[in-house]
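Single-structure report; data block below.
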Amino acid sequence: MATLHLGTRGSDLALAQATLTETALTAAGFQAQRHIISTIGDKRQDLKLSEFAKATAGTDQVIDKGIFTKELELALAHRTIDFAVHSLKDVPTELAQGYSIAAVLPRAPIEDALISKHPGGLPGLPPQATVATSSVRRAAQLQLLRPDLKVVDIRGNVPTRIQKLADNPAWDAIILAHAGLLRLGMHDLLAAQTTTILDPQEFLPAAGQGAVGIEVYKPEETTLQALAAIDHRETHLRIRTERHFLHLLKAGCQTPIGAHTWITDNQIHLRTLLFPEDGSPPQRAQASAPVETPEAAAEAAFEQLSVSC
């Protein structure tokens, strides 16, 4: 049997997701060889995620999206790898011609987790507490729920961020993805009194959060067969809805957006929260559609909004 070539970043979480993919392929009768590829997002830990476009201006390649995916996509185009494994929330909404998401693994929990030096979750944070996050979506929702909070930027992998919280007496809490904590085996931390899982109906996750997406470029039939064997249908339906909503808002938009989907009774449901760039009040939308047409839920939600990016 031919060996498929898998591309991944080298962070602890990325490697854990690569292992999940390899395990699923093995169970389906396929084998893969791992290739670790460093991205500009890994190399430039000194930059905020919002600063990459400015930092790469005037170079051969301005990067304002795909910070954690671009080098993997180049490896796909050069046929160094057959497919790339990503945290799906890192994958730009609009992919260049020839690229596609061929499969997704079963979705992990989608919620955000507040890791705090104080018990009681968000209400338990003291007045004017400092919370660290690199996500504009998380920052916007924090300040919507607790306008008194001071939000600061943080970079680094999951263990590094947790250590930064412990080492910085000025910080009261950080927010991380629940999925990442679980995939790294940090169950003891999740059981601690200071870790609170935030309700995704109230603190909306990012589109694609908790999902592992597998990207291809003009794939060969063997690659498509292998990935079809491990594709998780329910997760794929949900992320199609979420990513189509982002598409309708236009790719590259920096507006903070939360999106939550779920499936009941053969219907897919979408709840969204959008923070307009002009500072006007956040806009909420909710819609449903048959699971056979998941994009219709995104379109119905989009029509409820009075702003676009």
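By convention in this document, the chains of the structure tokens carry letters A, B, ... by their order, each chain's residues are numbered from 1, and ligands are numbered from 1 in the order they are shown.
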
Produce a table with one row for each residue of stretch 167-253 of chain A that has an atom at most 8 Å from any atom of stretch 65-83 of chain A, each row naming the nearest atom pair and its distance in Å at one decimal; use only C-alpha atoms; arrange rows by chain and rising residue number; format as CSV.
residue,atom,partner,partner_atom,distance
A:Ile214,CA,A:Phe83,CA,6.4
A:Glu215,CA,A:Phe83,CA,5.6
A:Val216,CA,A:Phe83,CA,4.8
A:Tyr217,CA,A:Leu76,CA,5.9
A:Pro219,CA,A:Asp82,CA,7.1
A:Thr223,CA,A:Asp82,CA,6.9
A:Gly252,CA,A:Lys65,CA,6.8

Name the residues in contact with A:Leu105 at a cut-off of 7 Å, using only C-alpha atoms, excluding same-chain residues fewer than 2 positions from it; report them as a short mmCIF file (atom, residue, chain, number, x, y, z; two decimals) with N, CA and C atoms, in the first residue's frame.
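Final output, saved to part_1.cif:
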data_model
loop_
_atom_site.label_atom_id
_atom_site.label_comp_id
_atom_site.auth_asym_id
_atom_site.auth_seq_id
_atom_site.Cartn_x
_atom_site.Cartn_y
_atom_site.Cartn_z
N ALA A 103 -11.75 16.60 4.32
CA ALA A 103 -12.29 15.80 5.42
C ALA A 103 -12.12 16.55 6.72
N ARG A 107 -15.66 16.23 15.83
CA ARG A 107 -15.38 17.50 16.51
C ARG A 107 -15.23 17.30 18.02
N ALA A 211 -12.65 21.68 15.60
CA ALA A 211 -12.62 20.78 14.45
C ALA A 211 -11.22 20.69 13.86
N VAL A 212 -10.84 19.49 13.45
CA VAL A 212 -9.59 19.26 12.74
C VAL A 212 -9.92 19.15 11.26
N GLY A 213 -9.40 20.08 10.46
CA GLY A 213 -9.66 20.09 9.03
C GLY A 213 -8.48 19.56 8.25
N ILE A 230 -12.31 8.69 6.56
CA ILE A 230 -12.24 9.19 7.93
C ILE A 230 -13.06 10.47 8.14
N ASP A 231 -13.74 10.92 7.09
CA ASP A 231 -14.52 12.16 7.20
C ASP A 231 -15.72 11.95 8.12
N HIS A 232 -15.96 12.91 9.02
CA HIS A 232 -17.08 12.82 9.96
C HIS A 232 -18.23 13.69 9.46
#

### Task
For stretch 270-283 of chain A, please output as number ranges by chain all residues within 12 Å (counting only C-alpha atoms; exclusion window: fewer than 5 positions along the same chain).
A: 136-141, 143-145, 200-207, 237-246, 249, 253-264, 288-291, 294-309

Can you spit out the residues from that selection as a PDB file, in the first residue's frame, using C-alpha atoms?
ATOM      1  CA  VAL A 136     -10.334  39.527  18.939  1.00  0.00           C
ATOM      2  CA  ARG A 137     -13.549  37.476  19.204  1.00  0.00           C
ATOM      3  CA  ARG A 138     -12.834  36.466  22.790  1.00  0.00           C
ATOM      4  CA  ALA A 139     -11.723  39.992  23.680  1.00  0.00           C
ATOM      5  CA  ALA A 140     -14.931  41.506  22.264  1.00  0.00           C
ATOM      6  CA  GLN A 141     -17.173  39.067  24.106  1.00  0.00           C
ATOM      7  CA  GLN A 143     -15.762  43.272  27.204  1.00  0.00           C
ATOM      8  CA  LEU A 144     -19.420  42.848  26.237  1.00  0.00           C
ATOM      9  CA  LEU A 145     -20.063  40.722  29.316  1.00  0.00           C
ATOM     10  CA  PRO A 200     -21.273  28.297  23.915  1.00  0.00           C
ATOM     11  CA  GLN A 201     -24.800  29.671  23.704  1.00  0.00           C
ATOM     12  CA  GLU A 202     -23.669  32.758  25.633  1.00  0.00           C
ATOM     13  CA  PHE A 203     -19.937  32.962  24.821  1.00  0.00           C
ATOM     14  CA  LEU A 204     -19.931  31.946  21.177  1.00  0.00           C
ATOM     15  CA  PRO A 205     -16.931  30.001  19.820  1.00  0.00           C
ATOM     16  CA  ALA A 206     -15.051  30.722  16.630  1.00  0.00           C
ATOM     17  CA  ALA A 207     -16.298  29.196  13.390  1.00  0.00           C
ATOM     18  CA  LEU A 237     -22.159  19.681   7.879  1.00  0.00           C
ATOM     19  CA  ARG A 238     -21.668  22.028  10.815  1.00  0.00           C
ATOM     20  CA  ILE A 239     -18.417  23.528   9.574  1.00  0.00           C
ATOM     21  CA  ARG A 240     -19.918  24.002   6.094  1.00  0.00           C
ATOM     22  CA  THR A 241     -22.593  26.142   7.734  1.00  0.00           C
ATOM     23  CA  GLU A 242     -20.141  28.155   9.832  1.00  0.00           C
ATOM     24  CA  ARG A 243     -17.630  28.747   7.052  1.00  0.00           C
ATOM     25  CA  HIS A 244     -20.352  29.710   4.571  1.00  0.00           C
ATOM     26  CA  PHE A 245     -21.542  32.354   7.032  1.00  0.00           C
ATOM     27  CA  LEU A 246     -17.990  33.760   7.128  1.00  0.00           C
ATOM     28  CA  LEU A 249     -19.396  38.278   5.446  1.00  0.00           C
ATOM     29  CA  CYS A 253     -12.808  40.465   7.462  1.00  0.00           C
ATOM     30  CA  GLN A 254     -11.246  41.312  10.832  1.00  0.00           C
ATOM     31  CA  THR A 255     -14.596  41.834  12.544  1.00  0.00           C
ATOM     32  CA  PRO A 256     -14.947  39.634  15.657  1.00  0.00           C
ATOM     33  CA  ILE A 257     -17.477  36.898  14.912  1.00  0.00           C
ATOM     34  CA  GLY A 258     -18.828  34.051  17.018  1.00  0.00           C
ATOM     35  CA  ALA A 259     -20.679  31.114  15.468  1.00  0.00           C
ATOM     36  CA  HIS A 260     -22.336  28.145  17.135  1.00  0.00           C
ATOM     37  CA  THR A 261     -24.032  25.246  15.306  1.00  0.00           C
ATOM     38  CA  TRP A 262     -25.888  22.169  16.457  1.00  0.00           C
ATOM     39  CA  ILE A 263     -28.099  19.503  14.856  1.00  0.00           C
ATOM     40  CA  THR A 264     -31.480  18.264  16.118  1.00  0.00           C
ATOM     41  CA  SER A 288     -32.155  26.796  10.895  1.00  0.00           C
ATOM     42  CA  ALA A 289     -32.292  24.675   7.760  1.00  0.00           C
ATOM     43  CA  PRO A 290     -32.511  21.001   6.778  1.00  0.00           C
ATOM     44  CA  VAL A 291     -29.166  19.223   7.203  1.00  0.00           C
ATOM     45  CA  PRO A 294     -26.550  23.516   5.613  1.00  0.00           C
ATOM     46  CA  GLU A 295     -25.545  26.660   3.703  1.00  0.00           C
ATOM     47  CA  ALA A 296     -29.191  27.758   3.787  1.00  0.00           C
ATOM     48  CA  ALA A 297     -28.965  28.271   7.547  1.00  0.00           C
ATOM     49  CA  ALA A 298     -25.955  30.541   7.035  1.00  0.00           C
ATOM     50  CA  GLU A 299     -27.774  32.523   4.350  1.00  0.00           C
ATOM     51  CA  ALA A 300     -30.867  32.965   6.528  1.00  0.00           C
ATOM     52  CA  ALA A 301     -28.748  34.181   9.442  1.00  0.00           C
ATOM     53  CA  PHE A 302     -26.813  36.550   7.208  1.00  0.00           C
ATOM     54  CA  GLU A 303     -30.022  38.117   5.917  1.00  0.00           C
ATOM     55  CA  GLN A 304     -30.917  39.111   9.483  1.00  0.00           C
ATOM     56  CA  LEU A 305     -27.833  41.336   9.764  1.00  0.00           C
ATOM     57  CA  SER A 306     -27.701  44.989   8.795  1.00  0.00           C
ATOM     58  CA  VAL A 307     -23.925  45.158   8.422  1.00  0.00           C
ATOM     59  CA  SER A 308     -21.258  43.417   6.380  1.00  0.00           C
ATOM     60  CA  CYS A 309     -17.464  43.523   6.475  1.00  0.00           C
TER      61      CYS A 309
END

### Task
DSSP on the backbone, then: every residue of stretch 244-276 of chain A marked helix (DSSP H, G or I), written as an NGL selection string.
:A and (244-249)

### Task
Could you pull out the residues in stretch 71-277 of chain A that DSSP calls strand (DSSP E or B) from the backbone, as a count of residues only?
52

### Task
Extract, using only C-alpha atoms, all DNA, RNA and protein residues at most 7 Å from stretch 108-115 of chain A, discarding same-chain residues fewer than 6 positions from it, and format them as JSON, numbers by chain.
{"A": [121, 173, 174, 175, 176, 177, 178, 179, 194, 195, 196, 197, 198, 199, 200, 205, 209, 210, 211]}

Can you write just those residues out, N, CA and C atoms, as a PDB file, in the first residue's frame?
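The result, written out as out-v4.pdb:
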ATOM      1  N   GLY A 121     -15.650  31.633  37.739  1.00  0.00           N
ATOM      2  CA  GLY A 121     -15.801  31.967  36.332  1.00  0.00           C
ATOM      3  C   GLY A 121     -15.700  33.455  36.067  1.00  0.00           C
ATOM      4  N   ALA A 173      -6.389  35.948  34.507  1.00  0.00           N
ATOM      5  CA  ALA A 173      -6.961  34.792  33.802  1.00  0.00           C
ATOM      6  C   ALA A 173      -6.518  34.799  32.347  1.00  0.00           C
ATOM      7  N   ILE A 174      -6.667  33.653  31.698  1.00  0.00           N
ATOM      8  CA  ILE A 174      -6.517  33.521  30.259  1.00  0.00           C
ATOM      9  C   ILE A 174      -7.702  32.727  29.733  1.00  0.00           C
ATOM     10  N   ILE A 175      -7.933  32.831  28.439  1.00  0.00           N
ATOM     11  CA  ILE A 175      -8.974  32.022  27.798  1.00  0.00           C
ATOM     12  C   ILE A 175      -8.327  31.175  26.715  1.00  0.00           C
ATOM     13  N   LEU A 176      -8.641  29.881  26.735  1.00  0.00           N
ATOM     14  CA  LEU A 176      -8.134  28.931  25.746  1.00  0.00           C
ATOM     15  C   LEU A 176      -9.302  28.094  25.218  1.00  0.00           C
ATOM     16  N   ALA A 177      -9.066  27.387  24.131  1.00  0.00           N
ATOM     17  CA  ALA A 177     -10.086  26.478  23.603  1.00  0.00           C
ATOM     18  C   ALA A 177     -10.149  25.213  24.460  1.00  0.00           C
ATOM     19  N   HIS A 178     -11.339  24.845  24.848  1.00  0.00           N
ATOM     20  CA  HIS A 178     -11.559  23.600  25.597  1.00  0.00           C
ATOM     21  C   HIS A 178     -10.976  22.404  24.845  1.00  0.00           C
ATOM     22  N   ALA A 179     -11.162  22.392  23.516  1.00  0.00           N
ATOM     23  CA  ALA A 179     -10.691  21.270  22.696  1.00  0.00           C
ATOM     24  C   ALA A 179      -9.189  21.069  22.836  1.00  0.00           C
ATOM     25  N   THR A 194     -10.421  26.450  39.299  1.00  0.00           N
ATOM     26  CA  THR A 194     -10.157  27.702  38.594  1.00  0.00           C
ATOM     27  C   THR A 194     -10.412  27.618  37.091  1.00  0.00           C
ATOM     28  N   THR A 195     -10.807  26.476  36.577  1.00  0.00           N
ATOM     29  CA  THR A 195     -11.113  26.338  35.150  1.00  0.00           C
ATOM     30  C   THR A 195     -12.622  26.279  34.958  1.00  0.00           C
ATOM     31  N   THR A 196     -13.141  27.202  34.157  1.00  0.00           N
ATOM     32  CA  THR A 196     -14.577  27.270  33.899  1.00  0.00           C
ATOM     33  C   THR A 196     -14.824  27.126  32.409  1.00  0.00           C
ATOM     34  N   ILE A 197     -15.674  26.171  32.029  1.00  0.00           N
ATOM     35  CA  ILE A 197     -16.059  25.994  30.634  1.00  0.00           C
ATOM     36  C   ILE A 197     -17.209  26.945  30.340  1.00  0.00           C
ATOM     37  N   LEU A 198     -17.008  27.845  29.390  1.00  0.00           N
ATOM     38  CA  LEU A 198     -17.996  28.877  29.100  1.00  0.00           C
ATOM     39  C   LEU A 198     -19.104  28.343  28.188  1.00  0.00           C
ATOM     40  N   ASP A 199     -20.329  28.683  28.497  1.00  0.00           N
ATOM     41  CA  ASP A 199     -21.500  28.222  27.752  1.00  0.00           C
ATOM     42  C   ASP A 199     -21.432  28.736  26.310  1.00  0.00           C
ATOM     43  N   PRO A 200     -21.395  27.839  25.306  1.00  0.00           N
ATOM     44  CA  PRO A 200     -21.273  28.297  23.915  1.00  0.00           C
ATOM     45  C   PRO A 200     -22.504  29.022  23.395  1.00  0.00           C
ATOM     46  N   PRO A 205     -18.267  30.397  20.297  1.00  0.00           N
ATOM     47  CA  PRO A 205     -16.931  30.001  19.820  1.00  0.00           C
ATOM     48  C   PRO A 205     -16.650  30.554  18.436  1.00  0.00           C
ATOM     49  N   GLN A 209     -14.174  26.058  15.484  1.00  0.00           N
ATOM     50  CA  GLN A 209     -13.443  25.727  16.708  1.00  0.00           C
ATOM     51  C   GLN A 209     -13.722  24.287  17.136  1.00  0.00           C
ATOM     52  N   GLY A 210     -12.666  23.594  17.548  1.00  0.00           N
ATOM     53  CA  GLY A 210     -12.783  22.210  17.975  1.00  0.00           C
ATOM     54  C   GLY A 210     -12.714  21.194  16.846  1.00  0.00           C
ATOM     55  N   ALA A 211     -12.653  21.684  15.600  1.00  0.00           N
ATOM     56  CA  ALA A 211     -12.625  20.779  14.449  1.00  0.00           C
ATOM     57  C   ALA A 211     -11.221  20.691  13.865  1.00  0.00           C
TER      58      ALA A 211
END

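If you measure from each of A:Gly124, A:Leu248, A:Asn168, A:Gln225 to A:Ala28 using only C-alpha atoms, the closest one turns out to be A:Gln225.
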